[in-house]
>>> print(open('entry.cif').read())   # mmCIF, C-alpha atoms and all ligand atoms
data_model
loop_
_atom_site.group_PDB
_atom_site.id
_atom_site.type_symbol
_atom_site.label_atom_id
_atom_site.label_comp_id
_atom_site.auth_asym_id
_atom_site.auth_seq_id
_atom_site.Cartn_x
_atom_site.Cartn_y
_atom_site.Cartn_z
ATOM 1 C CA MET A 1 106.419 92.991 79.531
ATOM 2 C CA LYS A 2 105.986 95.618 82.226
ATOM 3 C CA PHE A 3 105.570 99.286 81.336
ATOM 4 C CA ALA A 4 105.695 102.266 83.680
ATOM 5 C CA VAL A 5 104.677 105.898 83.402
ATOM 6 C CA PHE A 6 106.996 108.106 85.422
ATOM 7 C CA TYR A 7 108.419 111.558 85.989
ATOM 8 C CA TRP A 8 112.115 111.867 85.234
ATOM 9 C CA LYS A 9 114.373 114.755 84.203
ATOM 10 C CA GLY A 10 111.521 117.219 84.366
ATOM 11 C CA LYS A 11 109.046 115.413 82.171
ATOM 12 C CA THR A 12 106.494 112.618 82.074
ATOM 13 C CA GLN A 13 107.862 109.534 80.312
ATOM 14 C CA ILE A 14 107.063 105.888 79.541
ATOM 15 C CA GLY A 15 109.461 103.005 79.707
ATOM 16 C CA ARG A 16 109.870 99.281 80.030
ATOM 17 C CA VAL A 17 110.495 97.970 83.533
ATOM 18 C CA ILE A 18 113.284 95.403 83.895
ATOM 19 C CA GLU A 19 112.734 94.318 87.478
ATOM 20 C CA ALA A 20 115.675 91.897 87.587
ATOM 21 C CA GLU A 21 117.978 94.836 86.931
ATOM 22 C CA ASN A 22 115.958 97.385 88.934
ATOM 23 C CA ALA A 23 115.926 99.510 85.804
ATOM 24 C CA ILE A 24 113.615 101.260 83.376
ATOM 25 C CA GLU A 25 114.336 101.724 79.681
ATOM 26 C CA CYS A 26 113.007 105.188 78.787
ATOM 27 C CA PHE A 27 111.208 105.499 75.433
ATOM 28 C CA ASP A 28 111.179 108.381 72.946
ATOM 29 C CA ILE A 29 107.411 109.003 73.110
ATOM 30 C CA PRO A 30 106.134 112.602 73.073
ATOM 31 C CA GLU A 31 105.256 113.819 76.547
ATOM 32 C CA ALA A 32 101.888 115.249 75.462
ATOM 33 C CA SER A 33 100.498 111.835 74.532
ATOM 34 C CA ILE A 34 101.794 110.248 77.745
ATOM 35 C CA LYS A 35 100.248 112.919 79.982
ATOM 36 C CA GLN A 36 96.937 112.292 78.256
ATOM 37 C CA ASP A 37 96.951 108.525 77.853
ATOM 38 C CA GLY A 38 99.643 106.980 80.047
ATOM 39 C CA VAL A 39 100.557 103.483 78.868
ATOM 40 C CA VAL A 40 97.705 103.666 76.372
ATOM 41 C CA ALA A 41 100.096 105.737 74.240
ATOM 42 C CA LEU A 42 101.922 102.446 73.557
ATOM 43 C CA ILE A 43 98.902 100.513 72.368
ATOM 44 C CA ASP A 44 98.901 101.556 68.729
ATOM 45 C CA GLY A 45 102.436 102.828 68.516
ATOM 46 C CA ALA A 46 105.322 101.315 66.588
ATOM 47 C CA SER A 47 108.222 99.959 68.639
ATOM 48 C CA PRO A 48 109.581 102.980 70.470
ATOM 49 C CA LYS A 49 113.277 103.774 70.566
ATOM 50 C CA ILE A 50 115.099 103.422 73.897
ATOM 51 C CA VAL A 51 116.686 106.724 74.877
ATOM 52 C CA GLU A 52 118.405 105.746 78.136
ATOM 53 C CA THR A 53 118.205 103.242 80.995
ATOM 54 C CA VAL A 54 117.727 104.518 84.555
ATOM 55 C CA PRO A 55 117.372 102.899 88.008
ATOM 56 C CA ILE A 56 113.714 102.487 89.068
ATOM 57 C CA SER A 57 114.550 104.113 92.391
ATOM 58 C CA GLU A 58 115.590 107.337 90.619
ATOM 59 C CA VAL A 59 112.232 107.996 88.956
ATOM 60 C CA GLU A 60 108.871 109.069 90.369
ATOM 61 C CA LEU A 61 106.399 106.396 89.283
ATOM 62 C CA LEU A 62 102.988 107.702 88.194
ATOM 63 C CA ALA A 63 99.774 105.722 87.716
ATOM 64 C CA PRO A 64 99.973 103.769 84.425
ATOM 65 C CA VAL A 65 96.864 105.616 83.222
ATOM 66 C CA PRO A 66 97.190 108.832 85.260
ATOM 67 C CA ARG A 67 93.838 110.296 84.195
ATOM 68 C CA PRO A 68 91.556 107.830 82.366
ATOM 69 C CA SER A 69 89.551 109.518 79.617
ATOM 70 C CA ARG A 70 86.308 108.417 81.238
ATOM 71 C CA ASN A 71 85.024 106.699 84.355
ATOM 72 C CA ILE A 72 86.642 103.490 85.540
ATOM 73 C CA PHE A 73 84.285 100.521 85.206
ATOM 74 C CA CYS A 74 84.149 98.399 88.362
ATOM 75 C CA VAL A 75 82.558 95.085 89.255
ATOM 76 C CA GLY A 76 80.994 94.621 92.707
ATOM 77 C CA LYS A 77 80.521 91.415 94.706
ATOM 78 C CA ASN A 78 82.601 89.300 92.333
ATOM 79 C CA TYR A 79 84.193 86.787 94.747
ATOM 80 C CA HIS A 80 81.879 84.396 96.659
ATOM 81 C CA GLU A 81 83.297 84.939 100.145
ATOM 82 C CA HIS A 82 83.369 88.728 99.698
ATOM 83 C CA ALA A 83 79.791 88.763 98.343
ATOM 84 C CA LYS A 84 78.710 87.026 101.554
ATOM 85 C CA GLU A 85 80.680 89.328 103.888
ATOM 86 C CA PHE A 86 79.325 92.421 102.118
ATOM 87 C CA ALA A 87 75.701 91.186 102.008
ATOM 88 C CA SER A 88 75.794 90.611 105.772
ATOM 89 C CA SER A 89 77.525 93.945 106.574
ATOM 90 C CA GLY A 90 74.383 96.076 106.559
ATOM 91 C CA PHE A 91 75.805 98.407 103.857
ATOM 92 C CA ASP A 92 74.691 96.388 100.807
ATOM 93 C CA SER A 93 71.613 97.967 99.254
ATOM 94 C CA SER A 94 71.400 95.012 96.828
ATOM 95 C CA ALA A 95 71.427 92.387 99.601
ATOM 96 C CA ALA A 96 67.675 91.729 99.300
ATOM 97 C CA LYS A 97 68.363 90.086 95.928
ATOM 98 C CA GLY A 98 70.729 87.597 97.581
ATOM 99 C CA ALA A 99 74.416 87.544 98.348
ATOM 100 C CA ILE A 100 75.556 86.082 95.024
ATOM 101 C CA PRO A 101 74.620 88.202 91.986
ATOM 102 C CA GLU A 102 73.033 86.573 88.930
ATOM 103 C CA ALA A 103 74.706 89.034 86.536
ATOM 104 C CA PRO A 104 77.769 91.254 87.013
ATOM 105 C CA ILE A 105 77.103 94.318 89.204
ATOM 106 C CA VAL A 106 78.798 97.193 87.384
ATOM 107 C CA PHE A 107 79.375 100.681 88.756
ATOM 108 C CA SER A 108 81.976 103.357 88.071
ATOM 109 C CA LYS A 109 84.493 105.653 89.713
ATOM 110 C CA LEU A 110 85.344 109.148 88.478
ATOM 111 C CA PRO A 111 88.684 109.387 86.594
ATOM 112 C CA GLU A 112 89.899 112.065 89.014
ATOM 113 C CA THR A 113 90.063 109.460 91.807
ATOM 114 C CA VAL A 114 93.269 107.964 90.356
ATOM 115 C CA VAL A 115 96.437 108.494 92.379
ATOM 116 C CA LYS A 116 99.894 106.994 91.977
ATOM 117 C CA ASN A 117 101.751 104.406 94.017
ATOM 118 C CA GLY A 118 102.899 106.104 97.218
ATOM 119 C CA ALA A 119 100.334 108.927 97.149
ATOM 120 C CA ALA A 120 98.119 109.380 100.198
ATOM 121 C CA ILE A 121 94.595 108.018 100.442
ATOM 122 C CA ARG A 122 92.910 111.023 102.085
ATOM 123 C CA ILE A 123 90.332 110.520 104.793
ATOM 124 C CA ASP A 124 87.871 113.296 105.554
ATOM 125 C CA ALA A 125 86.205 112.459 108.864
ATOM 126 C CA SER A 126 83.534 115.104 108.223
ATOM 127 C CA VAL A 127 82.413 113.092 105.171
ATOM 128 C CA SER A 128 82.935 109.434 106.149
ATOM 129 C CA THR A 129 83.984 107.462 109.205
ATOM 130 C CA ALA A 130 83.909 104.058 107.478
ATOM 131 C CA ILE A 131 86.588 103.989 104.773
ATOM 132 C CA ASP A 132 87.587 100.603 103.445
ATOM 133 C CA TYR A 133 90.164 99.098 101.070
ATOM 134 C CA GLU A 134 89.548 96.690 98.148
ATOM 135 C CA ALA A 135 92.480 94.973 96.406
ATOM 136 C CA GLU A 136 91.683 94.352 92.736
ATOM 137 C CA LEU A 137 93.123 93.223 89.419
ATOM 138 C CA ALA A 138 92.312 95.864 86.785
ATOM 139 C CA VAL A 139 91.989 95.285 83.039
ATOM 140 C CA ILE A 140 93.321 97.841 80.525
ATOM 141 C CA ILE A 141 91.401 97.655 77.240
ATOM 142 C CA GLY A 142 93.553 97.854 74.102
ATOM 143 C CA LYS A 143 91.099 97.381 71.228
ATOM 144 C CA ALA A 144 87.722 99.050 70.867
ATOM 145 C CA GLY A 145 84.617 96.940 70.588
ATOM 146 C CA ARG A 146 80.869 96.747 71.124
ATOM 147 C CA ASN A 147 78.844 93.610 71.842
ATOM 148 C CA ILE A 148 82.083 91.685 72.393
ATOM 149 C CA SER A 149 81.566 87.948 72.906
ATOM 150 C CA LYS A 150 83.222 86.039 75.735
ATOM 151 C CA GLU A 151 85.186 84.107 73.134
ATOM 152 C CA ASP A 152 86.662 87.311 71.669
ATOM 153 C CA ALA A 153 86.947 89.260 74.911
ATOM 154 C CA LEU A 154 90.603 88.678 75.725
ATOM 155 C CA SER A 155 91.679 89.887 72.268
ATOM 156 C CA HIS A 156 90.452 93.332 73.418
ATOM 157 C CA VAL A 157 92.675 93.352 76.509
ATOM 158 C CA TRP A 158 96.022 95.150 76.271
ATOM 159 C CA GLY A 159 97.152 94.450 79.801
ATOM 160 C CA TYR A 160 96.566 94.657 83.527
ATOM 161 C CA THR A 161 97.418 96.739 86.540
ATOM 162 C CA VAL A 162 96.700 96.903 90.280
ATOM 163 C CA VAL A 163 94.032 99.118 91.820
ATOM 164 C CA ASN A 164 92.690 99.734 95.292
ATOM 165 C CA ASP A 165 88.936 100.410 94.994
ATOM 166 C CA VAL A 166 88.747 102.532 98.159
ATOM 167 C CA THR A 167 85.174 102.846 99.417
ATOM 168 C CA ALA A 168 83.305 104.927 102.015
ATOM 169 C CA ARG A 169 80.964 102.235 103.407
ATOM 170 C CA ASP A 170 78.611 104.618 105.214
ATOM 171 C CA LEU A 171 78.046 106.589 101.991
ATOM 172 C CA GLN A 172 77.638 103.335 100.048
ATOM 173 C CA GLY A 173 74.806 102.274 102.352
ATOM 174 C CA ARG A 174 73.172 105.717 102.579
ATOM 175 C CA HIS A 175 72.998 106.527 98.852
ATOM 176 C CA SER A 176 72.103 103.064 97.428
ATOM 177 C CA GLN A 177 73.970 103.843 94.187
ATOM 178 C CA TRP A 178 77.728 103.603 94.712
ATOM 179 C CA LEU A 179 79.209 106.505 92.724
ATOM 180 C CA ILE A 180 79.652 108.902 95.660
ATOM 181 C CA SER A 181 81.101 106.294 98.012
ATOM 182 C CA LYS A 182 83.565 105.071 95.382
ATOM 183 C CA SER A 183 84.546 108.423 93.839
ATOM 184 C CA GLN A 184 85.854 110.412 96.788
ATOM 185 C CA ASP A 185 89.102 112.215 95.954
ATOM 186 C CA THR A 186 92.149 109.877 96.059
ATOM 187 C CA PHE A 187 89.987 106.721 96.147
ATOM 188 C CA CYS A 188 91.646 104.901 93.241
ATOM 189 C CA PRO A 189 95.337 104.206 93.845
ATOM 190 C CA MET A 190 96.704 102.565 90.667
ATOM 191 C CA GLY A 191 100.114 101.100 89.859
ATOM 192 C CA PRO A 192 103.001 100.711 90.297
ATOM 193 C CA TRP A 193 102.953 99.900 86.569
ATOM 194 C CA ALA A 194 101.095 97.831 83.963
ATOM 195 C CA VAL A 195 101.868 94.441 82.439
ATOM 196 C CA THR A 196 100.915 93.145 79.029
ATOM 197 C CA ALA A 197 98.155 90.544 78.869
ATOM 198 C CA ASP A 198 100.500 87.627 78.109
ATOM 199 C CA GLU A 199 102.080 87.943 81.599
ATOM 200 C CA ILE A 200 98.926 87.062 83.550
ATOM 201 C CA ASP A 201 97.283 83.668 84.066
ATOM 202 C CA LEU A 202 93.705 84.717 84.793
ATOM 203 C CA LYS A 203 92.869 81.344 86.323
ATOM 204 C CA ASP A 204 95.680 81.547 88.859
ATOM 205 C CA THR A 205 96.815 85.010 89.921
ATOM 206 C CA LEU A 206 97.250 85.966 93.578
ATOM 207 C CA VAL A 207 95.374 88.974 94.997
ATOM 208 C CA LYS A 208 96.625 90.106 98.410
ATOM 209 C CA CYS A 209 96.255 93.103 100.687
ATOM 210 C CA TRP A 210 98.037 94.069 103.884
ATOM 211 C CA ILE A 211 97.085 96.842 106.268
ATOM 212 C CA ASN A 212 100.351 97.791 107.918
ATOM 213 C CA GLU A 213 101.867 94.302 108.341
ATOM 214 C CA GLU A 214 98.562 92.419 108.787
ATOM 215 C CA LEU A 215 97.536 90.255 105.815
ATOM 216 C CA ARG A 216 93.808 90.937 105.337
ATOM 217 C CA GLN A 217 93.027 89.684 101.815
ATOM 218 C CA ASP A 218 94.600 86.562 100.337
ATOM 219 C CA SER A 219 92.832 85.145 97.296
ATOM 220 C CA ASN A 220 93.176 84.242 93.650
ATOM 221 C CA THR A 221 91.532 85.416 90.421
ATOM 222 C CA GLY A 222 90.591 81.777 89.796
ATOM 223 C CA LEU A 223 87.853 82.366 92.390
ATOM 224 C CA LEU A 224 86.074 85.194 90.521
ATOM 225 C CA ILE A 225 82.288 84.666 90.231
ATOM 226 C CA PHE A 226 82.246 86.331 86.781
ATOM 227 C CA ASP A 227 85.516 85.864 84.913
ATOM 228 C CA ILE A 228 87.069 88.617 82.812
ATOM 229 C CA PRO A 229 85.611 87.468 79.451
ATOM 230 C CA THR A 230 82.141 87.439 81.047
ATOM 231 C CA ILE A 231 82.677 90.930 82.492
ATOM 232 C CA ILE A 232 83.824 92.328 79.128
ATOM 233 C CA GLU A 233 80.849 90.724 77.361
ATOM 234 C CA ALA A 234 78.462 92.248 79.905
ATOM 235 C CA ILE A 235 79.923 95.793 79.900
ATOM 236 C CA SER A 236 80.273 95.979 76.113
ATOM 237 C CA ASN A 237 76.652 94.943 75.653
ATOM 238 C CA GLY A 238 75.526 98.171 73.978
ATOM 239 C CA ILE A 239 78.470 100.223 75.296
ATOM 240 C CA THR A 240 81.518 100.619 73.047
ATOM 241 C CA LEU A 241 84.671 99.905 75.016
ATOM 242 C CA GLU A 242 87.613 102.090 74.008
ATOM 243 C CA PRO A 243 91.393 101.677 74.245
ATOM 244 C CA GLY A 244 92.469 102.887 77.672
ATOM 245 C CA ASP A 245 89.255 101.927 79.430
ATOM 246 C CA ILE A 246 89.947 100.448 82.855
ATOM 247 C CA ILE A 247 87.856 97.676 84.421
ATOM 248 C CA ALA A 248 88.409 96.861 88.116
ATOM 249 C CA THR A 249 87.352 93.251 88.451
ATOM 250 C CA GLY A 250 86.200 93.036 92.072
ATOM 251 C CA THR A 251 87.749 92.381 95.455
ATOM 252 C CA PRO A 252 88.025 89.156 97.465
ATOM 253 C CA ALA A 253 87.035 88.604 101.108
ATOM 254 C CA GLY A 254 88.914 90.305 103.934
ATOM 255 C CA VAL A 255 87.869 93.943 103.515
ATOM 256 C CA GLY A 256 87.357 95.987 106.682
ATOM 257 C CA ILE A 257 83.603 95.386 106.901
ATOM 258 C CA GLY A 258 84.258 91.645 106.873
ATOM 259 C CA PHE A 259 85.494 91.892 110.482
ATOM 260 C CA ASN A 260 83.432 92.209 113.644
ATOM 261 C CA PRO A 261 83.864 94.945 114.655
ATOM 262 C CA PRO A 262 84.808 96.394 111.243
ATOM 263 C CA LYS A 263 88.423 97.436 110.673
ATOM 264 C CA TYR A 264 88.269 100.718 108.785
ATOM 265 C CA LEU A 265 91.260 102.675 107.515
ATOM 266 C CA GLU A 266 92.780 105.209 109.905
ATOM 267 C CA PRO A 267 95.290 107.999 109.325
ATOM 268 C CA GLY A 268 98.763 106.520 109.712
ATOM 269 C CA ASP A 269 97.834 103.161 108.143
ATOM 270 C CA LYS A 270 99.691 101.797 105.134
ATOM 271 C CA VAL A 271 97.727 99.819 102.531
ATOM 272 C CA ARG A 272 99.736 97.392 100.404
ATOM 273 C CA VAL A 273 98.062 95.557 97.507
ATOM 274 C CA GLU A 274 99.933 92.868 95.624
ATOM 275 C CA ILE A 275 98.808 91.133 92.435
ATOM 276 C CA GLY A 276 100.953 88.187 91.357
ATOM 277 C CA GLY A 277 102.860 88.833 88.147
ATOM 278 C CA ILE A 278 102.268 92.590 88.297
ATOM 279 C CA GLY A 279 103.667 94.132 91.461
ATOM 280 C CA THR A 280 102.884 95.922 94.710
ATOM 281 C CA LEU A 281 100.863 99.102 95.148
ATOM 282 C CA GLU A 282 101.423 100.831 98.477
ATOM 283 C CA ASN A 283 99.660 103.943 99.755
ATOM 284 C CA PRO A 284 99.658 105.669 103.143
ATOM 285 C CA VAL A 285 96.410 106.868 104.703
ATOM 286 C CA GLU A 286 96.335 110.513 105.801
ATOM 287 C CA ALA A 287 93.689 112.822 107.238
ATOM 288 C CA TYR A 288 92.627 115.892 105.284
HETATM 289 MG MG MG B 301 85.574 96.938 94.320
#
>>> encode(input="entry.cif", output="structure tokens")
Amino acid sequence: MKFAVFYWKGKTQIGRVIEAENAIECFDIPEASIKQDGVVALIDGASPKIVETVPISEVELLAPVPRPSRNIFCVGKNYHEHAKEFASSGFDSSAAKGAIPEAPIVFSKLPETVVKNGAAIRIDASVSTAIDYEAELAVIIGKAGRNISKEDALSHVWGYTVVNDVTARDLQGRHSQWLISKSQDTFCPMGPWAVTADEIDLKDTLVKCWINEELRQDSNTGLLIFDIPTIIEAISNGITLEPGDIIATGTPAGVGIGFNPPKYLEPGDKVRVEIGGIGTLENPVEAY
């Protein structure tokens, strides 16, 4: 099932998306818990009552987890062809260890980076002149756990959404650690909604990204270097994962630095990320 967080009739609501009918069934869930947790408010709840059904086009979709309760976990260099393009870009401070990592590379983005479908990715030319896009499947954790084994990992997943792990490449190279380059304001578009785990075939899900009408990334989660159970095992090794934690699983080849010369984002561009079985996340690029 697909669930959206949205603004409608003056308040933040959650509902089930029925794409075939272009409609959302609005649930009777208290607004306070939705503002805090987004779709996570559904994880432990009983079956909510449907209050009304409205056309998707009438509501303002918000990110499915509008403000995660802590940093978003992210995996770097997790598709072979992307690991190679990044290692040879000159911005990869880990390149000396080889293009293909031996263990998942995990970093994080600040929760305040999250913006909704349709919101602008803001470019500040006084801060960075090398801003790049990264289409990614993101995991939404539903059950807490520590030292989770690969075998158990998927039982901790509530669902999935789409993120764009926007990155300032010049800052990524300059600072070695990636937090600053990944956590610039507006650098985590998320949405348009979330799907429950049963809707996604992790071995065969398309990951695509267009800049304007040019297809730049066209891959499949079957090509991940470290699959999602391996990622969850690695992150939860001594760190308790909590319901509502988000894990961005890495981007495939075709990011801006993969081109010669690089193709960075410019004001006026439109970035469209599509993950098969979930939906399309589209954000314009605007100057500050
Ligand atoms: Mg990424």
>>> closest_residue(input="entry.cif", among="A:Ala138, A:Ala130, A:Ile24, A:Ile43", to="ligand MG 301 (chain B)", atoms="only C-alpha atoms and all ligand atoms")
A:Ala138
>>> residues_near_ligand(input="entry.cif", ligand="ligand MG 301 (chain B)", cutoff="6 Å", atoms="all atoms listed in the file", output="list in words")
Gly76, Glu134, Asp165, Gly250 and Thr251 of chain A
>>> write_last_selection(input="entry.cif", atoms="C-alpha atoms", output="PDB file, in the frame of the given file")
ATOM      1  CA  GLY A  76      80.994  94.621  92.707  1.00  0.00           C
ATOM      2  CA  GLU A 134      89.548  96.690  98.148  1.00  0.00           C
ATOM      3  CA  ASP A 165      88.936 100.410  94.994  1.00  0.00           C
ATOM      4  CA  GLY A 250      86.200  93.036  92.072  1.00  0.00           C
ATOM      5  CA  THR A 251      87.749  92.381  95.455  1.00  0.00           C
TER       6      THR A 251
END
>>> resolve_selection(input="entry.cif", expression="the PyMOL selection byres (((chain A and resi 54-63) around 8) and not hetatm)", output="PyMOL selection string")
chain A and resi 4-8+17+22-26+38+52-53+64-66+114-117+189-193
>>> atom_distance(input="entry.cif", atom1="CA of Ile239 in chain A", atom2="CA of Arg146 in chain A")
5.9 Å
>>> resolve_selection(input="entry.cif", expression="the PyMOL selection byres (((chain A and resi 264) around 9) and not hetatm)", output="PyMOL selection string")
chain A and resi 129-133+255-257+262-263+265-266
>>> resolve_selection(input="entry.cif", expression="the PyMOL selection byres (((chain A and resi 128) around 9) and not hetatm)", output="PyMOL selection string")
chain A and resi 123-127+129-131+168-171+181
